[in-house]
Every structure is written in C-alpha cells, then in structure tokens.
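This report refers to the structure that appears directly beneath it.
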Amino acid sequence: MIENPVILLSIINTKLRDQYSSIEDLCDDLDYEKDKVDAILNGAGYFYDREQNQYK
C-alpha cells in the first residue's frame, strides 16, 4: 500500500468516484486494510465522507 497520504488520497478518491460505491468495497476488492487507509489519510487531515463517497 502507498504510504504517501497525498498520492493515496488521489488514488483512493479516483477509484471511489469511478469504480466503487464505498470504501469497504474498495478495500475488500483491493485487499487493503480500511484501518490502515484511515490511519494514513486521517493522519494527514483527510476523513471519509460516506455521503459523498470520498475522503475530504
């Protein structure tokens, strides 16, 4: 998994917009640990908005 939060944010949000209806679906499909994605992105000040299906 990509550790750089800015690059990870870009990739995750693009995939959420284009391919997945939730972060859980993305993580299941790509074998990512949601807790790790959250830790990296939350640590950089980005939080998942379920309603808009993106990290902001």
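Each chain of the structure tokens is named A, B, ... in the order shown, its residues numbered from 1; ligands are numbered from 1 in display order.
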>> When DSSP is applied to the backbone of this structure, which of chain A are assigned helix (DSSP H, G or I)? Write them out as number ranges by chain.
In response: A: 5-18, 23-30, 34-43
> Got a sec: who's within 12 Å of Arg17 in chain A, counting only C-alpha atoms, leaving out chain neighbours fewer than 3 positions off, as a ChimeraX atom specification?
Replying inline: /A:9-14,20-23,26,52-55
> Could you state the separation of CA of Ala44 in chain A and CA of Val6 in chain A in Å, given to one decimal place?
Replying inline: 8.2 Å
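Computed from the coordinates, the CA of Lys56 in chain A to CA of Asp29 in chain A distance equals 21.9 Å.
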>> Just checking: using only C-alpha atoms, which residue out of A:Leu8, A:Met1, A:Asp18, A:Tyr48 ends up closest to Asp31 in chain A?
In response: A:Met1
> If you measure from CA of Glu51 in chain A to CA of Pro5 in chain A, what distance in Å do you get, rounded to one decimal?
Replying inline: 21.4 Å
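With only C-alpha atoms as the atoms that count, the residue of A:Leu41, A:Tyr32, A:Gln19, A:Asp25 with the shortest distance to Ile7 in chain A is A:Leu41.
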>> I need the residues of chain A that end up classed as strand (DSSP E or B) by DSSP on the backbone, written out as a PyMOL selection string.
In response: chain A and resi 48-49+54-55
